[in-house]
>>> print(open('run_10.csv').read())   # CSV, C-alpha atoms
chain,number,residue,atom,x,y,z
N,1,MET,CA,0.0,0.0,0.0
N,2,PRO,CA,2.7,2.5,0.8
N,3,LEU,CA,4.4,1.8,-2.4
N,4,PHE,CA,1.1,2.0,-4.4
N,5,SER,CA,0.3,5.2,-2.6
N,6,HIS,CA,3.6,6.7,-3.4
N,7,ARG,CA,3.3,5.9,-7.1
N,8,GLN,CA,-0.1,7.6,-7.2
N,9,SER,CA,1.0,10.6,-5.4
N,10,SER,CA,4.3,11.4,-7.2
N,11,PRO,CA,2.8,12.0,-10.6
N,12,LEU,CA,0.3,14.5,-9.3
N,13,PRO,CA,2.8,17.0,-8.0
N,14,THR,CA,4.9,16.6,-11.1
N,15,ALA,CA,2.1,17.5,-13.3
N,16,THR,CA,1.2,20.4,-11.2
N,17,ALA,CA,4.8,21.6,-11.1
N,18,THR,CA,5.0,21.4,-14.8
N,19,ALA,CA,1.8,23.3,-15.3
N,20,THR,CA,3.0,25.9,-12.8
N,21,TYR,CA,6.4,26.2,-14.5
N,22,SER,CA,4.9,26.5,-17.9
N,23,SER,CA,2.4,29.1,-16.9
N,24,LYS,CA,5.1,31.1,-15.3
N,25,LEU,CA,7.2,30.8,-18.4
N,26,LEU,CA,4.5,31.9,-20.8
N,27,LYS,CA,2.9,34.7,-18.8
N,28,PRO,CA,5.6,37.3,-19.5
N,29,LEU,CA,5.5,36.4,-23.3
N,30,LYS,CA,1.8,37.2,-23.7
N,31,PRO,CA,2.0,41.0,-23.2
N,32,ASN,CA,5.2,41.2,-25.3
N,33,SER,CA,3.9,39.3,-28.2
N,34,ALA,CA,0.7,41.3,-28.3
N,35,SER,CA,2.2,44.8,-27.9
N,36,VAL,CA,4.9,44.5,-30.6
N,37,PRO,CA,2.4,43.9,-33.6
N,38,THR,CA,0.1,46.6,-32.2
N,39,ARG,CA,2.8,49.3,-32.3
N,40,THR,CA,4.2,48.4,-35.7
N,41,SER,CA,0.9,47.6,-37.6
N,42,VAL,CA,-0.5,51.2,-37.5
N,43,PRO,CA,2.0,52.9,-39.8
N,44,ILE,CA,2.0,49.8,-42.1
N,45,ILE,CA,-1.8,49.9,-42.4
N,46,VAL,CA,-1.7,53.7,-43.2
N,47,PHE,CA,1.0,53.3,-45.8
N,48,SER,CA,-0.9,50.4,-47.4
N,49,LEU,CA,-4.1,52.5,-47.6
N,50,VAL,CA,-2.3,55.5,-49.2
N,51,SER,CA,-0.5,53.2,-51.7
N,52,LEU,CA,-3.8,51.6,-52.6
N,53,LEU,CA,-5.5,54.9,-53.2
N,54,ILE,CA,-2.6,56.1,-55.3
N,55,GLY,CA,-2.6,52.9,-57.4
N,56,LEU,CA,-6.4,53.1,-57.8
N,57,ALA,CA,-6.3,56.7,-59.0
N,58,GLY,CA,-3.5,55.9,-61.5
N,59,THR,CA,-5.5,52.9,-62.8
N,60,ILE,CA,-8.7,55.1,-63.2
N,61,PHE,CA,-6.7,57.8,-65.1
N,62,ALA,CA,-5.0,55.2,-67.4
N,63,VAL,CA,-8.3,53.6,-68.3
N,64,ALA,CA,-9.9,57.0,-68.9
N,65,ALA,CA,-6.9,58.0,-71.1
N,66,ILE,CA,-7.1,54.9,-73.2
N,67,ARG,CA,-10.9,55.1,-73.6
N,68,ARG,CA,-10.9,58.8,-74.4
N,69,SER,CA,-11.7,59.4,-78.1
N,70,ARG,CA,-8.9,61.0,-79.9
N,71,PRO,CA,-9.7,63.7,-82.5
N,72,LEU,CA,-8.7,63.1,-86.1
N,73,PRO,CA,-6.1,65.6,-87.4
N,74,VAL,CA,-7.2,67.6,-90.4
N,75,PHE,CA,-4.5,70.2,-90.6
N,76,ARG,CA,-0.8,69.4,-90.5
N,77,CYS,CA,0.9,72.7,-91.3
N,78,GLY,CA,1.8,75.8,-89.3
N,79,LYS,CA,-0.5,78.4,-87.7
N,80,SER,CA,-2.9,80.2,-90.0
N,81,ASP,CA,-5.2,83.1,-89.1
N,82,ASP,CA,-8.5,84.0,-90.6
N,83,THR,CA,-8.7,87.7,-89.7
N,84,PHE,CA,-12.3,88.0,-90.7
N,85,ARG,CA,-13.6,85.3,-88.4
N,86,ALA,CA,-11.5,86.6,-85.6
N,87,PHE,CA,-13.4,89.8,-86.0
N,88,TYR,CA,-16.9,88.7,-87.1
N,89,SER,CA,-18.7,85.5,-86.3
N,90,ILE,CA,-22.0,84.9,-88.1
N,91,SER,CA,-23.3,82.2,-85.7
N,92,GLY,CA,-22.2,80.1,-82.8
N,93,SER,CA,-21.3,77.2,-85.1
N,94,ARG,CA,-18.5,79.4,-86.6
N,95,LYS,CA,-16.3,79.3,-83.6
N,96,LEU,CA,-12.9,77.9,-84.2
N,97,ASP,CA,-11.4,75.6,-81.6
N,98,HIS,CA,-7.7,75.4,-82.1
N,99,ASN,CA,-7.4,72.5,-79.6
N,100,ALA,CA,-9.9,70.3,-81.4
N,101,GLY,CA,-9.1,67.8,-84.2
N,102,LEU,CA,-12.3,67.9,-86.2
N,103,LEU,CA,-13.0,71.6,-86.1
N,104,GLU,CA,-16.4,73.3,-86.2
N,105,ARG,CA,-16.1,75.0,-89.6
N,106,PRO,CA,-18.6,77.2,-91.6
N,107,LYS,CA,-20.5,75.1,-94.2
N,108,LEU,CA,-20.2,76.9,-97.5
N,109,LEU,CA,-20.7,76.2,-101.2
N,110,GLY,CA,-17.2,77.4,-101.8
N,111,PHE,CA,-14.2,79.1,-100.3
N,112,VAL,CA,-12.3,81.5,-102.6
N,113,GLY,CA,-8.7,82.4,-101.7
N,114,ILE,CA,-7.2,85.3,-103.6
N,115,LEU,CA,-3.4,84.6,-103.5
N,116,THR,CA,-1.5,87.9,-103.1
N,117,GLY,CA,1.9,89.1,-102.0
N,118,PHE,CA,3.6,91.9,-100.2
N,119,ARG,CA,3.9,93.8,-103.5
N,120,GLY,CA,0.2,93.5,-104.3
N,121,ALA,CA,-1.2,96.3,-102.2
N,122,ASP,CA,-2.2,98.3,-105.3
N,123,ARG,CA,-3.9,95.2,-106.8
N,124,ARG,CA,-5.9,94.6,-103.6
N,125,ALA,CA,-6.9,98.2,-103.5
N,126,ALA,CA,-8.2,98.0,-107.1
N,127,MET,CA,-10.1,94.8,-106.3
N,128,ARG,CA,-11.7,96.4,-103.2
N,129,SER,CA,-12.8,99.4,-105.3
N,130,THR,CA,-14.4,97.1,-107.9
N,131,TRP,CA,-15.8,93.6,-107.4
N,132,PHE,CA,-14.3,92.6,-104.0
N,133,PRO,CA,-16.1,94.0,-100.9
N,134,SER,CA,-14.1,96.7,-99.0
N,135,ASP,CA,-15.5,96.1,-95.5
N,136,PRO,CA,-16.5,93.1,-93.2
N,137,ASP,CA,-20.2,93.7,-93.6
N,138,GLY,CA,-19.8,93.6,-97.4
N,139,LEU,CA,-17.9,90.3,-97.2
N,140,LEU,CA,-20.6,88.9,-95.0
N,141,ARG,CA,-23.4,90.0,-97.3
N,142,LEU,CA,-21.5,88.5,-100.3
N,143,GLU,CA,-21.1,85.2,-98.4
N,144,GLN,CA,-24.8,85.1,-97.5
N,145,ALA,CA,-25.9,85.9,-101.1
N,146,THR,CA,-23.6,83.5,-102.9
N,147,GLY,CA,-22.5,80.9,-100.4
N,148,LEU,CA,-18.9,81.8,-101.1
N,149,ALA,CA,-16.4,83.2,-98.6
N,150,PHE,CA,-13.6,85.3,-99.9
N,151,ARG,CA,-10.2,86.1,-98.4
N,152,PHE,CA,-6.9,87.5,-99.5
N,153,VAL,CA,-4.3,84.8,-98.9
N,154,ILE,CA,-0.8,85.9,-97.9
N,155,GLY,CA,2.2,84.4,-96.1
N,156,ARG,CA,4.7,86.0,-93.8
N,157,SER,CA,8.0,87.9,-94.2
N,158,LYS,CA,11.2,88.2,-92.2
N,159,ASP,CA,11.1,91.9,-93.1
N,160,SER,CA,9.5,93.7,-90.1
N,161,LYS,CA,8.6,96.7,-92.1
N,162,LYS,CA,6.6,94.6,-94.6
N,163,MET,CA,4.8,92.8,-91.7
N,164,ALA,CA,4.0,96.1,-90.1
N,165,GLU,CA,2.5,97.5,-93.3
N,166,LEU,CA,0.5,94.3,-93.8
N,167,GLN,CA,-0.8,94.5,-90.2
N,168,LYS,CA,-2.1,98.0,-90.9
N,169,GLU,CA,-4.0,96.7,-93.9
N,170,ILE,CA,-5.3,93.7,-91.9
N,171,ASP,CA,-6.6,96.0,-89.2
N,172,GLN,CA,-8.3,98.3,-91.7
N,173,TYR,CA,-10.0,95.7,-93.9
N,174,ILE,CA,-10.0,92.4,-91.9
N,175,ASP,CA,-10.2,90.3,-95.1
N,176,PHE,CA,-7.0,88.1,-95.0
N,177,LEU,CA,-6.2,84.5,-94.4
N,178,VAL,CA,-2.6,84.6,-93.2
N,179,ILE,CA,-0.7,81.3,-93.7
N,180,ASP,CA,2.5,80.2,-92.1
N,181,ILE,CA,5.0,80.3,-95.0
N,182,ASN,CA,7.7,82.6,-96.2
N,183,ASP,CA,5.9,84.5,-98.9
N,184,GLU,CA,8.1,84.5,-102.1
N,185,TYR,CA,7.2,83.9,-105.7
N,186,VAL,CA,9.6,81.0,-106.0
N,187,SER,CA,7.7,79.3,-103.2
N,188,LEU,CA,4.4,79.6,-104.9
N,189,PRO,CA,3.8,75.8,-105.2
N,190,TRP,CA,4.4,75.4,-101.5
N,191,LYS,CA,2.2,78.5,-100.7
N,192,THR,CA,-0.6,77.0,-102.8
N,193,LEU,CA,-0.5,73.8,-100.9
N,194,GLU,CA,-0.5,75.6,-97.5
N,195,PHE,CA,-3.4,77.7,-98.8
N,196,PHE,CA,-5.5,74.5,-99.4
N,197,LYS,CA,-4.5,73.1,-96.1
N,198,ALA,CA,-5.5,76.3,-94.2
N,199,ALA,CA,-8.7,76.7,-96.2
N,200,PHE,CA,-9.7,73.1,-95.3
N,201,GLN,CA,-8.9,73.7,-91.7
N,202,HIS,CA,-11.0,76.9,-91.4
N,203,PHE,CA,-13.9,76.1,-93.8
N,204,GLU,CA,-16.1,73.2,-94.7
N,205,ALA,CA,-16.8,73.9,-98.3
N,206,ASP,CA,-18.0,71.8,-101.3
N,207,TYR,CA,-15.4,73.5,-103.4
N,208,TYR,CA,-12.1,75.4,-102.8
N,209,VAL,CA,-11.1,78.1,-105.4
N,210,LYS,CA,-7.6,79.3,-105.9
N,211,ALA,CA,-7.5,82.7,-107.7
N,212,ASP,CA,-4.8,85.3,-108.3
N,213,ASP,CA,-5.1,89.0,-107.4
N,214,ASN,CA,-5.0,90.1,-111.1
N,215,ILE,CA,-8.3,88.8,-112.4
N,216,TYR,CA,-11.8,90.4,-112.7
N,217,LEU,CA,-14.3,88.0,-111.2
N,218,ARG,CA,-18.1,87.7,-111.1
N,219,PRO,CA,-18.8,86.0,-107.8
N,220,ASP,CA,-22.5,85.4,-108.7
N,221,ARG,CA,-21.6,83.5,-111.8
N,222,LEU,CA,-18.9,81.5,-110.0
N,223,ALA,CA,-21.5,80.4,-107.5
N,224,ILE,CA,-23.7,79.2,-110.3
N,225,LEU,CA,-20.9,77.2,-111.7
N,226,LEU,CA,-20.1,75.6,-108.3
N,227,ALA,CA,-23.7,74.8,-107.6
N,228,LYS,CA,-24.0,72.7,-110.7
N,229,GLU,CA,-24.8,69.0,-110.0
N,230,ARG,CA,-21.8,66.7,-110.6
N,231,THR,CA,-21.5,62.9,-110.5
N,232,ASP,CA,-17.8,62.8,-109.6
N,233,SER,CA,-16.8,63.8,-106.1
N,234,ARG,CA,-13.2,64.3,-107.2
N,235,THR,CA,-13.4,67.3,-109.6
N,236,TYR,CA,-10.8,69.7,-111.0
N,237,ILE,CA,-12.3,72.7,-112.8
N,238,GLY,CA,-10.5,75.3,-114.8
N,239,CYS,CA,-9.4,76.5,-118.2
N,240,MET,CA,-7.5,73.4,-119.3
N,241,LYS,CA,-4.4,73.5,-121.4
N,242,LYS,CA,-1.5,71.6,-122.8
N,243,GLY,CA,1.8,72.8,-124.3
N,244,PRO,CA,5.5,72.2,-124.8
N,245,VAL,CA,7.7,71.9,-121.7
N,246,ILE,CA,10.0,74.8,-121.3
N,247,THR,CA,13.5,73.5,-120.7
N,248,ASP,CA,15.4,76.7,-121.5
N,249,PRO,CA,16.6,78.3,-118.2
N,250,LYS,CA,16.4,81.8,-119.9
N,251,MET,CA,12.7,81.6,-120.5
N,252,LYS,CA,10.0,82.7,-118.1
N,253,TRP,CA,8.2,79.4,-117.6
N,254,TYR,CA,11.4,77.3,-117.3
N,255,GLU,CA,10.8,73.9,-115.7
N,256,LYS,CA,13.9,72.5,-114.0
N,257,SER,CA,12.4,69.0,-113.7
N,258,GLY,CA,11.1,69.0,-117.2
N,259,HIS,CA,12.9,65.7,-118.0
N,260,LEU,CA,10.4,64.0,-115.7
N,261,ILE,CA,7.5,65.3,-117.8
N,262,GLY,CA,8.7,64.8,-121.3
N,263,ASN,CA,8.2,67.1,-124.3
N,264,GLU,CA,4.6,68.2,-123.6
N,265,TYR,CA,2.7,69.0,-120.5
N,266,TYR,CA,-0.2,66.9,-119.4
N,267,LEU,CA,-3.7,68.5,-119.3
N,268,HIS,CA,-3.9,71.0,-116.4
N,269,ALA,CA,-5.6,74.3,-115.6
N,270,TYR,CA,-4.3,77.8,-116.1
N,271,GLY,CA,-3.0,79.2,-112.8
N,272,PRO,CA,-5.0,82.5,-112.4
N,273,ILE,CA,-8.1,80.6,-111.3
N,274,TYR,CA,-9.1,76.9,-110.8
N,275,VAL,CA,-11.4,74.9,-108.5
N,276,LEU,CA,-10.9,71.7,-106.5
N,277,SER,CA,-13.7,69.7,-104.9
N,278,ALA,CA,-13.8,69.0,-101.2
N,279,GLU,CA,-12.7,65.4,-101.5
N,280,VAL,CA,-9.6,66.4,-103.5
N,281,VAL,CA,-8.6,69.1,-101.0
N,282,ALA,CA,-9.2,66.8,-98.1
N,283,SER,CA,-6.5,64.5,-99.5
N,284,LEU,CA,-4.1,67.4,-100.0
N,285,ALA,CA,-4.8,68.6,-96.4
N,286,THR,CA,-3.8,65.3,-94.9
N,287,ALA,CA,-0.8,64.6,-97.1
N,288,ARG,CA,2.8,65.0,-95.9
N,289,ASN,CA,4.5,67.9,-97.6
N,290,ASP,CA,7.5,65.8,-98.7
N,291,SER,CA,5.2,63.2,-100.3
N,292,LEU,CA,4.1,65.6,-103.1
N,293,ARG,CA,6.2,66.4,-106.2
N,294,MET,CA,7.0,70.1,-106.5
N,295,PHE,CA,7.7,71.6,-109.9
N,296,ASN,CA,8.9,75.1,-110.7
N,297,ASN,CA,5.4,76.3,-111.9
N,298,GLU,CA,2.4,76.2,-109.6
N,299,ASP,CA,-0.2,75.2,-112.2
N,300,VAL,CA,2.0,72.4,-113.5
N,301,THR,CA,2.5,71.2,-109.9
N,302,ILE,CA,-1.2,71.1,-109.2
N,303,GLY,CA,-1.9,69.4,-112.5
N,304,SER,CA,0.6,66.6,-111.6
N,305,TRP,CA,-1.2,66.0,-108.3
N,306,MET,CA,-4.5,65.9,-110.1
N,307,LEU,CA,-3.2,63.2,-112.4
N,308,ALA,CA,-2.0,61.1,-109.5
N,309,MET,CA,-5.4,61.5,-107.7
N,310,ASN,CA,-7.4,60.4,-110.8
N,311,VAL,CA,-9.7,63.4,-110.7
N,312,HIS,CA,-12.3,64.5,-113.3
N,313,HIS,CA,-11.0,67.4,-115.4
N,314,GLU,CA,-13.7,69.9,-116.2
N,315,ASP,CA,-12.8,72.5,-118.8
N,316,ASN,CA,-14.6,75.8,-118.5
N,317,ARG,CA,-13.6,78.6,-120.9
N,318,PHE,CA,-15.6,81.2,-119.0
N,319,LEU,CA,-13.0,81.1,-116.3
N,320,CYS,CA,-10.4,82.6,-118.7
N,321,ASP,CA,-12.5,85.0,-120.8
N,322,PRO,CA,-10.4,87.7,-122.5
N,323,ARG,CA,-13.3,90.1,-122.4
N,324,CYS,CA,-16.6,90.5,-120.5
N,325,SER,CA,-19.5,88.7,-121.9
N,326,PRO,CA,-23.0,87.6,-120.6
N,327,LYS,CA,-21.5,84.4,-119.3
N,328,SER,CA,-17.9,85.3,-118.4
N,329,ILE,CA,-16.9,84.3,-114.8
N,330,ALA,CA,-13.3,85.4,-114.7
N,331,VAL,CA,-11.8,87.9,-117.1
N,332,TRP,CA,-8.1,88.3,-117.8
N,333,ASP,CA,-5.8,89.0,-120.7
N,334,ILE,CA,-5.2,85.5,-121.9
N,335,PRO,CA,-2.8,84.6,-123.6
N,336,LYS,CA,-0.9,87.9,-123.5
N,337,CYS,CA,-0.6,87.9,-119.7
N,338,SER,CA,-1.1,85.4,-116.9
N,339,GLY,CA,-3.9,87.5,-115.5
N,340,LEU,CA,-4.7,91.1,-116.3
N,341,CYS,CA,-1.9,93.2,-117.8
N,342,ASN,CA,-1.5,96.2,-115.5
N,343,PRO,CA,-4.2,94.8,-113.2
N,344,ALA,CA,-4.5,97.9,-110.9
N,345,LEU,CA,-5.6,99.9,-113.9
N,346,ARG,CA,-7.4,97.3,-116.0
N,347,MET,CA,-9.5,96.2,-113.0
N,348,LYS,CA,-11.1,99.6,-112.8
N,349,GLU,CA,-11.5,99.9,-116.5
N,350,LEU,CA,-13.4,96.6,-116.7
N,351,HIS,CA,-15.6,97.5,-113.7
N,352,ALA,CA,-16.7,100.7,-115.4
N,353,MET,CA,-18.1,98.6,-118.3
N,354,SER,CA,-21.8,97.7,-117.8
N,355,MET,CA,-21.2,94.3,-119.4
N,356,CYS,CA,-18.6,93.5,-116.8
N,357,SER,CA,-20.2,94.8,-113.6
N,358,LYS,CA,-23.9,95.2,-114.2
N,359,SER,CA,-24.9,92.4,-116.7
N,360,PRO,CA,-27.4,90.0,-115.1
N,361,THR,CA,-26.4,86.6,-113.7
N,362,LEU,CA,-27.0,83.9,-116.3
N,363,LEU,CA,-26.7,80.1,-116.1
N,364,SER,CA,-24.0,78.8,-118.4
N,365,ASN,CA,-25.3,76.0,-120.7
N,366,ASP,CA,-22.1,75.2,-122.5
N,367,ASP,CA,-21.3,72.1,-120.6
>>> encode(input="run_10.csv", output="structure tokens")
Amino acid sequence: MPLFSHRQSSPLPTATATATYSSKLLKPLKPNSASVPTRTSVPIIVFSLVSLLIGLAGTIFAVAAIRRSRPLPVFRCGKSDDTFRAFYSISGSRKLDHNAGLLERPKLLGFVGILTGFRGADRRAAMRSTWFPSDPDGLLRLEQATGLAFRFVIGRSKDSKKMAELQKEIDQYIDFLVIDINDEYVSLPWKTLEFFKAAFQHFEADYYVKADDNIYLRPDRLAILLAKERTDSRTYIGCMKKGPVITDPKMKWYEKSGHLIGNEYYLHAYGPIYVLSAEVVASLATARNDSLRMFNNEDVTIGSWMLAMNVHHEDNRFLCDPRCSPKSIAVWDIPKCSGLCNPALRMKELHAMSMCSKSPTLLSNDD
């Protein structure tokens, strides 16, 4: 019995001692193990939340940027200024947003750009005293009556005096489209391309007309011509011509790259006035400048582009009438001069003739 009693009693205190020892050993660990995570977890949680918010904001911004619709570019040349629209806006739809891709442009039957230069002040004065309106209200009335907008088109000069004189004229008449190109006669093909690009940027027209500042024009009859129904959306209208390629450097119309053309020019319009349809100008407006062949002569250059674009050539002799007639649209001294000879004087002489300035508008039935 004593032995049995001893065996039963000895394990009990051993178990109790072990439990007591273990509890004493673990008790100081509990507060330490609980306090350490509590102190270090607060800044970690705050940092995690801030990082999560930053990451979430970045993700939202990236998704919005990807899904945002990007405007299509319609104009790839330098800055151009329509001084008339900067001064006078017909309606809210005529506001120009320089930051937009597809711009809100006036819808017109045609836009007529009168290409002029820094030496053409007397020609512009003669035009403003004859068929071209001399004030913004007159330009507006002409646009409303014919569906045609008219502007003098000029580039820029490094000569500050020339630019100052031009600015005075702009401030007085407000009838210019100023394009971003060095305005020199030798750069006329480039200037013409920049004109079409700027015109397409500022105006949504069915037709774009390039004219020189040395012709007498009847805007009412030009509007009748452009309003004619046509089946081909790619149209090139003008007084069409052919002729021998000038390869003599001493001659006026010398063509340096004549060897690329051959002995005779392809069919193309005389330079003083011609018309391109909207689809044709849209292609030019989005073309890279260095992708287009430039010849010495502007009319030859345009003609080469028209061949490449497979346009319809529409010949109209009333655009190069040597005298005023009941159907003449543009009058100039063909073939003696490329335009009117002595235009500042001849413009006024023609305007004084009733047949030129007062004859009624008539539909041309020659086509």
>>> closest_residue(input="run_10.csv", among="N:Asn310, N:Thr247, N:Thr192, N:Thr361", to="N:Asn289", atoms="all atoms listed in the file")
N:Thr192
>>> atom_distance(input="run_10.csv", atom1="atom CA of N:Arg119", atom2="atom CA of N:Leu148")
25.9 Å
>>> atom_distance(input="run_10.csv", atom1="atom CA of N:Asp333", atom2="atom CA of N:Met294")
26.9 Å
>>> atom_distance(input="run_10.csv", atom1="atom CA of N:Glu204", atom2="atom CA of N:Lys107")
4.8 Å
>>> residues_near_point(input="run_10.csv", point="(-12.2, 77.2, -119.0)", cutoff="9 Å", atoms="all atoms listed in the file", output="list of chain:residue names")
N:Ile237, N:Gly238, N:Cys239, N:Met240, N:Lys241, N:Ala269, N:Tyr270, N:Tyr274, N:Glu314, N:Asp315, N:Asn316, N:Arg317, N:Phe318, N:Leu319, N:Cys320, N:Asp321
>>> closest_residue(input="run_10.csv", among="N:Thr301, N:Ser129, N:Ser80, N:Thr231", to="N:Tyr216", atoms="all atoms listed in the file")
N:Ser129
